[in-house]
Amino acid sequence: MRIRCAAAVLWLLCPLSAEEITFSANGMTGTAGNTSDHTTLVGNAFVRTASIEIAADRIEMSGTDFRTVTATGNVTGKNFETNMAFSCGQMSYDRETKIAVLRDNVHLEDRENNVTADAEIIDYNQETDIAVLQINVSLTQKDTVCTGAYVVYQKKQQTLNVSGNAQVRQGTDVFRAQEITLNLQTQAITLDGRVRGSVRDDRVSAAGQQQNGETSSPAEGAADALP
């Protein structure tokens, strides 16, 4: 069966976990059959399930019971269960595994923990609450900024594993290593492989101010193992 509709505002109750899907768009085309369904929403496309909502220029829902949702062009959305919001150029979401793959200038917000992240690719598993960030990664919480090529963010544990030109900046303190593990709750840092860093000692600055009437330069940490 082929479906064509303009200015669609529809809802479906799909057998996949008996989840209701609400969607709308300026135009819609699609097919529905016994083994596979396919619907394309174009222009102000919007899809909402029990756990996630997505808006984009174009959204395709395909597979049995519309298992896969693919969005392209000015993609924005939020996950109600994990309190995460995102924007990107394109994404896919598997309603059964609850895994989202975000690509192209991805911006992710963990509003529950005041964490924001930017990367080219982010894979997020809603069941495990783990996000894997790749390429030009930058993750920020308050005055802590982490950068690297590959980051694993465990939302429940509030831990980061950063690798590939890894760097963590906490205020004026900077740490670099091949791999860095950071606990965002305790701010505990573990550095591994070719470590270097600089740490500001405020006691030295305060002493310099009292003796000389001016602020002294920051004290460099001795944790520099690179030539």
# chains A, B, ... in the order shown; residues from 1 in each chain; ligands from 1
>>> select_by_dssp(residues="segment 68-211 of chain A", states="strand (DSSP E or B)", output="MDAnalysis selection string")
chainID A and resid 68:79 84:94 99:110 115:125 130:141 144:154 159:170 173:183 189:192 196:198
>>> residues_around(residues="segment 143-159 of chain A", least_positions_apart="6", cutoff="7 Å", atoms="only C-alpha atoms", output="PyMOL selection string")
chain A and resi 129-137+165-171+182-185
>>> closest_residue(among="A:Ala45, A:Arg58, A:Ala177, A:Gln126", to="Gln90 of chain A", atoms="only C-alpha atoms")
A:Arg58
>>> closest_residue(among="A:Ser92, A:Glu53, A:Glu127, A:Glu109", to="Phe80 of chain A", atoms="only C-alpha atoms")
A:Glu53
>>> residues_around(residues="Gln141 of chain A", least_positions_apart="4", cutoff="7 Å", atoms="only C-alpha atoms", output="number ranges by chain")
A: 114-116, 145
>>> residues_around(residues="Thr181 of chain A", least_positions_apart="4", cutoff="7 Å", atoms="only C-alpha atoms", output="list in words")
Leu160, Asn161, Val162, Ile189, Thr190 and Leu191 of chain A
